[in-house]
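The file work.tsv comes next; it holds TSV, C-alpha atoms.
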chain	number	residue	atom	x	y	z
A	1	SER	CA	30.63	7.13	10.64
A	2	SER	CA	28.38	8.66	13.29
A	3	SER	CA	28.38	12.03	11.49
A	4	SER	CA	27.28	10.36	8.22
A	5	LEU	CA	24.50	8.47	10.03
A	6	SER	CA	23.39	11.68	11.74
A	7	SER	CA	23.30	13.47	8.38
A	8	SER	CA	21.24	10.67	6.81
A	9	THR	CA	18.78	10.66	9.69
A	10	SER	CA	18.45	14.43	9.58
A	11	SER	CA	17.83	14.42	5.81
A	12	LEU	CA	15.20	11.68	6.07
A	13	SER	CA	13.48	13.51	8.93
A	14	ARG	CA	13.27	16.69	6.85
A	15	LEU	CA	11.73	14.68	4.02
A	16	LEU	CA	9.06	13.09	6.21
A	17	LEU	CA	8.16	16.11	8.32
A	18	SER	CA	8.66	19.08	6.03
A	19	PRO	CA	6.71	20.10	2.92
A	20	THR	CA	8.66	19.85	-0.36
A	21	PRO	CA	8.07	21.43	-3.76
A	22	LEU	CA	5.59	19.33	-5.70
A	23	ILE	CA	6.74	19.72	-9.27
A	24	SER	CA	9.55	21.32	-11.17
A	25	THR	CA	11.68	20.87	-14.25
A	26	THR	CA	14.33	18.19	-14.47
A	27	THR	CA	17.11	20.77	-14.13
A	28	ALA	CA	15.59	22.31	-11.02
A	29	LEU	CA	15.07	18.89	-9.48
A	30	ARG	CA	18.69	17.91	-9.99
A	31	GLY	CA	20.00	21.04	-8.35
A	32	GLY	CA	17.19	22.10	-6.06
A	33	SER	CA	16.11	21.52	-2.49
A	34	ILE	CA	14.18	18.31	-3.25
A	35	SER	CA	17.28	16.55	-4.44
A	36	SER	CA	19.34	17.71	-1.47
A	37	THR	CA	16.95	16.05	0.99
A	38	LEU	CA	17.19	12.68	-0.75
A	39	THR	CA	20.85	12.29	-1.73
A	40	SER	CA	21.71	10.70	1.61
A	41	LEU	CA	19.82	7.50	0.76
A	42	THR	CA	19.72	5.66	-2.55
A	43	PRO	CA	16.54	3.77	-3.58
A	44	LEU	CA	18.20	0.49	-2.63
A	45	GLN	CA	19.19	1.85	0.78
A	46	THR	CA	15.68	3.20	1.40
A	47	THR	CA	14.11	-0.13	0.44
A	48	ALA	CA	16.52	-2.20	2.52
A	49	LEU	CA	16.34	0.08	5.55
A	50	THR	CA	12.52	0.16	5.46
A	51	GLY	CA	12.19	-3.60	5.06
A	52	LEU	CA	14.73	-4.43	7.77
A	53	THR	CA	13.25	-1.93	10.24
A	54	LEU	CA	9.74	-3.29	9.76
A	55	LEU	CA	10.95	-6.87	10.11
A	56	LEU	CA	12.65	-6.09	13.42
A	57	LEU	CA	9.57	-4.23	14.66
A	58	GLN	CA	7.40	-7.18	13.60
A	59	LEU	CA	9.46	-9.57	15.71
A	60	LEU	CA	9.48	-7.17	18.65
A	61	LEU	CA	5.73	-6.51	18.60
A	62	ARG	CA	4.91	-10.17	18.09
A	63	THR	CA	6.94	-11.03	21.18
A	64	LEU	CA	5.35	-8.29	23.27
A	65	TYR	CA	1.82	-9.17	22.16
A	66	SER	CA	2.35	-12.86	22.90
A	67	LEU	CA	3.22	-11.93	26.50
A	68	SER	CA	0.01	-9.94	27.01
A	69	PRO	CA	-2.49	-11.39	29.51
A	70	SER	CA	-5.40	-10.47	27.24
A	71	PRO	CA	-6.57	-13.19	24.82
A	72	LEU	CA	-7.59	-10.46	22.39
A	73	ILE	CA	-3.90	-9.68	22.01
A	74	ASN	CA	-2.03	-12.92	22.65
A	75	LYS	CA	-4.17	-15.25	20.52
A	76	ARG	CA	-2.83	-13.96	17.20
A	77	PRO	CA	0.19	-11.81	18.06
A	78	GLY	CA	1.76	-12.03	14.60
A	79	TYR	CA	-1.42	-10.91	12.90
A	80	LEU	CA	-1.87	-7.99	15.28
A	81	ALA	CA	1.79	-6.99	14.93
A	82	HIS	CA	1.37	-6.94	11.14
A	83	THR	CA	-1.69	-4.68	11.40
A	84	SER	CA	0.07	-2.41	13.91
A	85	LEU	CA	2.79	-1.73	11.33
A	86	CYS	CA	0.74	-1.81	8.15
A	87	VAL	CA	-1.78	0.85	9.11
A	88	PRO	CA	0.80	3.58	9.95
A	89	CYS	CA	2.81	2.78	6.80
A	90	GLN	CA	-0.29	2.89	4.62
A	91	THR	CA	-1.44	6.11	6.25
A	92	PHE	CA	1.93	7.72	5.56
A	93	THR	CA	2.13	6.62	1.91
A	94	SER	CA	-1.44	7.70	1.17
A	95	ILE	CA	-1.01	11.17	2.68
A	96	TYR	CA	2.46	11.67	1.19
A	97	GLY	CA	1.30	10.53	-2.24
A	98	LEU	CA	-1.90	12.57	-2.18
A	99	LEU	CA	-0.17	15.82	-1.23
A	100	HIS	CA	2.20	15.48	-4.19
A	101	TYR	CA	-0.46	14.14	-6.58
A	102	LEU	CA	-2.54	17.30	-6.23
A	103	SER	CA	-0.06	19.24	-8.35
A	104	VAL	CA	-0.58	17.87	-11.86
A	105	PRO	CA	2.13	18.33	-14.54
A	106	SER	CA	0.86	19.70	-17.82
A	107	THR	CA	2.10	17.10	-20.30
A	108	PRO	CA	2.33	13.27	-20.53
A	109	LEU	CA	6.11	13.58	-20.73
A	110	LEU	CA	6.29	15.49	-17.45
A	111	ARG	CA	3.81	13.16	-15.77
A	112	THR	CA	5.43	9.92	-16.88
A	113	LEU	CA	9.13	10.24	-17.67
A	114	THR	CA	10.35	13.26	-15.70
A	115	PRO	CA	12.30	11.98	-12.65
A	116	LEU	CA	10.97	13.27	-9.34
A	117	PRO	CA	13.04	12.51	-6.21
A	118	PRO	CA	9.98	12.45	-3.89
A	119	ALA	CA	8.36	9.93	-6.24
A	120	ARG	CA	11.55	7.88	-6.21
A	121	PHE	CA	11.52	7.93	-2.42
A	122	LEU	CA	7.86	6.89	-2.26
A	123	ALA	CA	8.41	3.98	-4.65
A	124	SER	CA	11.52	2.88	-2.72
A	125	PHE	CA	9.71	3.13	0.61
A	126	LEU	CA	6.76	1.08	-0.64
A	127	ALA	CA	9.14	-1.53	-2.06
A	128	GLY	CA	10.65	-1.80	1.42
A	129	VAL	CA	7.20	-2.25	2.95
A	130	MET	CA	6.48	-5.06	0.48
A	131	LEU	CA	9.90	-6.59	1.17
A	132	TRP	CA	8.75	-7.02	4.77
A	133	ASP	CA	5.10	-7.79	4.04
A	134	VAL	CA	5.51	-10.70	1.62
A	135	PRO	CA	7.47	-13.12	3.86
A	136	VAL	CA	5.55	-12.06	6.98
A	137	SER	CA	2.20	-12.62	5.25
A	138	TYR	CA	3.33	-16.06	4.06
A	139	CYS	CA	4.46	-17.09	7.55
A	140	THR	CA	1.56	-15.61	9.55
A	141	PRO	CA	-1.68	-17.60	10.01
A	142	GLY	CA	-4.60	-15.66	8.57
A	143	LEU	CA	-2.52	-13.57	6.18
A	144	ARG	CA	-1.50	-16.24	3.71
A	145	SER	CA	-3.71	-15.84	0.63
A	146	TRP	CA	-2.63	-16.22	-2.99
A	147	ASP	CA	-4.24	-13.00	-4.22
A	148	VAL	CA	-2.71	-10.66	-1.62
A	149	ILE	CA	0.74	-12.26	-1.66
A	150	SER	CA	0.85	-12.37	-5.47
A	151	HIS	CA	-0.32	-8.75	-5.60
A	152	HIS	CA	2.37	-7.68	-3.17
A	153	VAL	CA	5.14	-9.63	-4.94
A	154	VAL	CA	4.27	-7.87	-8.21
A	155	LEU	CA	3.96	-4.56	-6.35
A	156	LEU	CA	7.45	-5.07	-4.90
A	157	LEU	CA	8.84	-5.62	-8.39
A	158	VAL	CA	6.94	-2.72	-9.96
A	159	ALA	CA	7.82	-0.29	-7.13
A	160	SER	CA	11.50	-1.27	-7.39
A	161	LEU	CA	11.37	-0.83	-11.17
A	162	ALA	CA	9.67	2.54	-10.86
A	163	ALA	CA	12.14	3.74	-8.23
A	164	SER	CA	15.12	2.93	-10.44
A	165	GLN	CA	13.79	3.46	-13.97
A	166	MET	CA	10.60	5.55	-14.00
A	167	PRO	CA	10.17	7.61	-10.81
A	168	GLY	CA	7.60	9.97	-12.29
A	169	TRP	CA	4.48	11.75	-11.10
A	170	TRP	CA	2.32	8.66	-11.58
A	171	CYS	CA	4.11	7.06	-8.62
A	172	TYR	CA	2.15	9.42	-6.38
A	173	PHE	CA	-1.11	7.87	-7.56
A	174	TYR	CA	-0.25	4.18	-7.71
A	175	PHE	CA	1.94	4.08	-4.60
A	176	GLY	CA	0.14	6.76	-2.60
A	177	VAL	CA	-3.39	7.82	-3.52
A	178	VAL	CA	-4.68	4.28	-4.03
A	179	GLU	CA	-3.54	3.41	-0.50
A	180	ILE	CA	-6.17	5.72	1.02
A	181	VAL	CA	-8.47	2.73	1.49
A	182	SER	CA	-5.83	0.56	3.16
A	183	PRO	CA	-5.91	2.02	6.72
A	184	PRO	CA	-9.70	1.63	7.24
A	185	LEU	CA	-9.58	-1.75	5.50
A	186	GLY	CA	-6.74	-2.89	7.75
A	187	VAL	CA	-8.52	-1.72	10.90
A	188	TYR	CA	-11.72	-3.49	9.82
A	189	ASP	CA	-9.87	-6.71	9.06
A	190	GLN	CA	-8.17	-6.64	12.47
A	191	LEU	CA	-11.46	-5.95	14.26
A	192	GLU	CA	-13.07	-8.85	12.39
A	193	ARG	CA	-10.38	-11.21	13.67
A	194	THR	CA	-10.52	-9.73	17.17
A	195	CYS	CA	-14.31	-10.19	17.26
A	196	ASP	CA	-13.85	-13.84	16.37
A	197	ILE	CA	-11.48	-14.23	19.32
A	198	ALA	CA	-13.79	-12.29	21.65
A	199	LYS	CA	-16.71	-14.48	20.63
A	200	SER	CA	-14.83	-17.72	21.18
A	201	THR	CA	-13.56	-16.58	24.59
A	202	LYS	CA	-16.83	-14.87	25.61
A	203	HIS	CA	-14.94	-11.64	26.17
A	204	PRO	CA	-17.08	-8.83	27.69
A	205	SER	CA	-15.86	-6.28	25.14
A	206	LEU	CA	-17.46	-8.15	22.23
A	207	PRO	CA	-20.47	-5.77	21.83
A	208	LEU	CA	-18.18	-2.72	21.64
A	209	LEU	CA	-15.79	-4.46	19.27
A	210	ALA	CA	-18.68	-5.56	17.07
A	211	ARG	CA	-19.99	-1.99	16.77
A	212	ALA	CA	-16.52	-0.72	15.88
A	213	ARG	CA	-16.14	-3.53	13.33
A	214	ASP	CA	-19.49	-2.76	11.70
A	215	PHE	CA	-18.65	0.95	11.45
A	216	THR	CA	-15.21	0.37	9.89
A	217	LYS	CA	-16.72	-2.22	7.55
A	218	ILE	CA	-19.10	0.37	6.12
A	219	LEU	CA	-16.36	3.00	5.97
A	220	ALA	CA	-13.91	0.65	4.26
A	221	ALA	CA	-16.55	-0.49	1.76
A	222	LEU	CA	-17.41	3.09	0.80
A	223	VAL	CA	-13.79	4.17	0.46
A	224	PHE	CA	-12.90	1.01	-1.47
A	225	THR	CA	-15.74	1.62	-3.91
A	226	VAL	CA	-14.59	5.16	-4.67
A	227	ASN	CA	-10.82	4.72	-4.30
A	228	ARG	CA	-10.22	1.34	-5.93
A	229	ALA	CA	-13.27	0.16	-7.89
A	230	MET	CA	-14.00	3.54	-9.49
A	231	MET	CA	-10.98	5.83	-9.28
A	232	PHE	CA	-8.29	3.19	-9.85
A	233	THR	CA	-10.07	1.81	-12.89
A	234	PHE	CA	-10.90	5.18	-14.43
A	235	VAL	CA	-7.45	6.69	-13.93
A	236	THR	CA	-5.69	3.57	-15.25
A	237	PHE	CA	-7.67	3.26	-18.50
A	238	PHE	CA	-8.41	6.90	-19.25
A	239	ARG	CA	-5.39	8.72	-17.83
A	240	PHE	CA	-2.31	6.54	-17.25
A	241	LEU	CA	-2.54	4.23	-20.26
A	242	PRO	CA	-2.95	7.15	-22.73
A	243	ASP	CA	0.04	8.88	-21.11
A	244	ALA	CA	2.13	5.70	-21.27
A	245	SER	CA	1.17	5.12	-24.90
A	246	SER	CA	2.10	8.65	-25.95
A	247	VAL	CA	5.57	8.62	-24.35
A	248	ARG	CA	6.76	5.02	-24.78
A	249	ARG	CA	8.74	5.90	-27.92
A	250	LEU	CA	10.55	8.65	-26.03
A	251	ALA	CA	11.42	6.46	-23.04
A	252	PRO	CA	14.98	5.17	-22.61
A	253	SER	CA	13.36	1.72	-22.41
A	254	SER	CA	9.88	1.22	-23.81
A	255	LEU	CA	9.84	-2.16	-22.05
A	256	VAL	CA	9.75	-0.44	-18.65
A	257	VAL	CA	6.75	1.64	-19.70
A	258	ASP	CA	5.02	-1.45	-21.11
A	259	LEU	CA	5.63	-3.45	-17.92
A	260	CYS	CA	4.23	-0.68	-15.73
A	261	ALA	CA	1.18	-0.34	-18.00
A	262	PHE	CA	0.60	-4.10	-17.96
A	263	ALA	CA	0.88	-4.17	-14.16
A	264	ALA	CA	-1.61	-1.29	-13.84
A	265	VAL	CA	-4.16	-3.16	-15.95
A	266	GLY	CA	-3.65	-6.32	-13.91
A	267	PHE	CA	-4.05	-4.44	-10.65
A	268	ALA	CA	-7.24	-2.83	-11.99
A	269	GLY	CA	-8.68	-6.27	-12.72
A	270	LEU	CA	-7.81	-7.41	-9.21
A	271	GLN	CA	-9.62	-4.42	-7.71
A	272	ILE	CA	-12.76	-5.34	-9.66
A	273	TRP	CA	-12.55	-8.92	-8.39
A	274	TRP	CA	-12.15	-7.72	-4.80
A	275	PHE	CA	-15.06	-5.34	-5.33
A	276	ARG	CA	-17.21	-8.28	-6.47
A	277	MET	CA	-16.42	-10.11	-3.23
A	278	LEU	CA	-17.31	-6.96	-1.31
A	279	VAL	CA	-20.68	-6.65	-3.02
A	280	MET	CA	-21.47	-10.33	-2.45
A	281	GLU	CA	-20.74	-10.02	1.27
A	282	ALA	CA	-22.84	-6.83	1.51
A	283	ARG	CA	-25.75	-8.71	-0.05
A	284	GLY	CA	-25.31	-11.66	2.31
A	285	ARG	CA	-24.27	-14.03	-0.47
A	286	GLY	CA	-21.17	-15.42	1.15
A	287	GLY	CA	-18.57	-13.09	-0.30
A	288	ARG	CA	-16.20	-13.61	2.61
A	289	GLU	CA	-16.69	-17.38	2.56
A	290	GLU	CA	-16.04	-17.59	-1.19
A	291	TYR	CA	-13.03	-15.33	-0.89
A	292	GLU	CA	-11.49	-17.44	1.87
A	293	ALA	CA	-12.27	-20.66	0.02
A	294	ARG	CA	-10.65	-19.43	-3.21
A	295	THR	CA	-7.61	-17.80	-1.67
A	296	GLY	CA	-6.97	-20.22	1.17
A	297	ARG	CA	-7.07	-17.42	3.73
A	298	LYS	CA	-8.32	-18.35	7.21
As structure tokens, please, write out the structure in this file.
Amino acid sequence: SSSSLSSSTSSLSRLLLSPTPLISTTTALRGGSISSTLTSLTPLQTTALTGLTLLLLQLLLRTLYSLSPSPLINKRPGYLAHTSLCVPCQTFTSIYGLLHYLSVPSTPLLRTLTPLPPARFLASFLAGVMLWDVPVSYCTPGLRSWDVISHHVVLLLVASLAASQMPGWWCYFYFGVVEIVSPPLGVYDQLERTCDIAKSTKHPSLPLLARARDFTKILAALVFTVNRAMMFTFVTFFRFLPDASSVRRLAPSSLVVDLCAFAAVGFAGLQIWWFRMLVMEARGRGGREEYEARTGRK
């Protein structure tokens, strides 16, 4: 009904725009204000609604960009539409996750197995983003690469699993904090592609675009080094894995904990591989060329 839809929209708006308590006991969470803002949408509904909305926006933006008179926009409308949606989503998840991550529970049990509705929402939202991103990346020239698509397929599965089975405090780190690098990286990647188009069409804005690309490249490299190569690896091996190991016997399903731990280790290895490509490119040793050759991305 229209009243039910209005109530759902109002609840979701309060969640996105209003601060919520960061941590509490399980009893307080079940009966407190956090829970009341999230009961209107289940994890499955959040995932489906997010994925469907982004897919429709992708089609709309791709159509609009293809009609633009500027070659910088109409040459790769699908790629630009993807960036236009990815960057805001990544910005939201990183800020939302970081704000909640700053309040650290005192025990491994509270950090790992205590259900937190905001963490459930974040995992469900990210699963919806991946539900849109995977097919769009596969179908869009320039986005199809085995490492990114495989990473996002696994991320879709892990986020869905976390949302339904283990929506704990660690969701804020793996689905939020580690996305801090994604907005500058996405902007740099788009500027790199736009510079290629500007160069091939002899567009007069090429010098300005090149300066913006070089700046975001340095920014993205610095943030990636701290956020993914260093922080992701350290937190996974010296914080999350010890927590997971200490609580797995208490979990309703130790398999869920083991799967999340295995995925975290795999993601950490992928970050190191990406960091290697980044260092090679910074040293002028063909990091980008090797990456594109190995992943099939063009």
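For the pair CA of Arg211 (chain A) and CA of Val87 (chain A), the interatomic distance is 20.0 Å.
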Between CA of Cys171 (chain A) and CA of Pro43 (chain A), what is the spacing in Å?
-> 13.8 Å
For Val129 (chain A), work out the shell of residues within 8 Å, counting only C-alpha atoms and skipping chain neighbours fewer than 5 positions away, then give it as a PDB file with C-alpha atoms, keeping the file's coordinate frame.
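Writing the result to around.pdb gives the following:
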ATOM      1  CA  THR A  47      14.110  -0.130   0.440  1.00  0.00           C
ATOM      2  CA  THR A  50      12.520   0.160   5.460  1.00  0.00           C
ATOM      3  CA  GLY A  51      12.190  -3.600   5.060  1.00  0.00           C
ATOM      4  CA  LEU A  54       9.740  -3.290   9.760  1.00  0.00           C
ATOM      5  CA  CYS A  89       2.810   2.780   6.800  1.00  0.00           C
TER       6      CYS A  89
END
How close does each residue of region 88-147 of chain A get to region 251-270 of chain A, giving the shortest atom pair and distance in Å to one decimal for every residue with an atom at most 10 Å away, counting all atoms listed in the file, sorted by chain and residue number, as a Markdown table?
| residue | atom | partner | partner_atom | distance |
| --- | --- | --- | --- | --- |
| A:Leu109 | CA | A:Ala251 | CA | 9.2 |
| A:Thr112 | CA | A:Val257 | CA | 8.8 |
| A:Leu113 | CA | A:Ala251 | CA | 7.0 |
| A:Asp147 | CA | A:Leu270 | CA | 8.3 |
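Non-sequential neighbours of Val136 (chain A) (distance at most 10 Å, separation of 4 or more positions within a chain, only C-alpha atoms) are Leu55, Gln58, Leu59, Gly78, Tyr79, His82, Met130, Leu131, Trp132, Thr140, Pro141, Leu143, Arg144 and Ile149 of chain A.
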With a distance cut-off of 9 Å and all atoms listed in the file, select the neighbouring residues of Tyr174 (chain A), excluding the residue or stretch itself and same-chain residues fewer than 3 positions from it, and output the selection as a list in words.
->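 Here the qualifying residues turn out to be Gly97, Trp170, Cys171, Val177, Val178, Glu179, Phe232 and Ala264 of chain A.
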Please indicate the distance in Å from CA of Leu99 (chain A) to CA of Phe238 (chain A), rounded to one decimal place.
->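 Calculated distance between CA of Leu99 (chain A) and CA of Phe238 (chain A) is 21.7 Å.
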So which residues touch Arg76 (chain A) within 8 Å, counting all atoms listed in the file, skipping near sequence neighbours fewer than 4 positions away, as a ChimeraX atom specification?
-> /A:66,72,80
Of the residues A:Ser124, A:Asn227, A:Ser182, A:Ser94, which is the one nearest to Leu156 (chain A), using all atoms listed in the file?
-> A:Ser124
Within 12 Å of Lys217 (chain A), counting only C-alpha atoms, which residues show up once you throw out same-chain ones fewer than 5 positions away? Write them as a PyMOL selection string, please.
-> chain A and resi 181+183-192+209-212+222-224+278+281-282
Using only C-alpha atoms, which residue out of A:Ser70, A:Ser137, A:Gln45, A:Thr114 lies closest to His152 (chain A)?
-> A:Ser137
Would you list the residues near (10.5, 9.0, -4.1) (no more than 9 Å away, in the coordinates of the file, using only C-alpha atoms) as an NGL selection string?
-> :A and (38 or 43 or 116-125 or 163 or 167-168 or 171-172)
Of the candidates A:Leu241, A:Leu56, A:Ile180, A:Ala198, which one gets nearest to Val226 (chain A) if we count only C-alpha atoms?
->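 Answer, going by the shortest atom-to-atom distance: A:Ile180.
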Nearest to Pro71 (chain A) by atom-to-atom distance, counting only C-alpha atoms, from A:Ser106, A:Thr201, A:Gln90, A:Ser84 |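 Looking only at the distances to Pro71 (chain A), the closest residue turns out to be A:Thr201.
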Taking (-13.4, -4.2, -3.5) in the file's own coordinates, collect the residues within 8 Å, counting all atoms listed in the file, and hand them back as a list in words.
-> Ala221, Phe224, Thr225, Arg228, Ala229, Gln271, Ile272, Trp273, Trp274, Phe275, Arg276, Met277, Leu278 and Val279 of chain A
For each of A:Leu64, A:Leu206, A:Leu155, A:Tyr101, take the minimum atom-to-atom distance to Arg193 (chain A), counting only C-alpha atoms, then give the residue where this is smallest.
-> A:Leu206
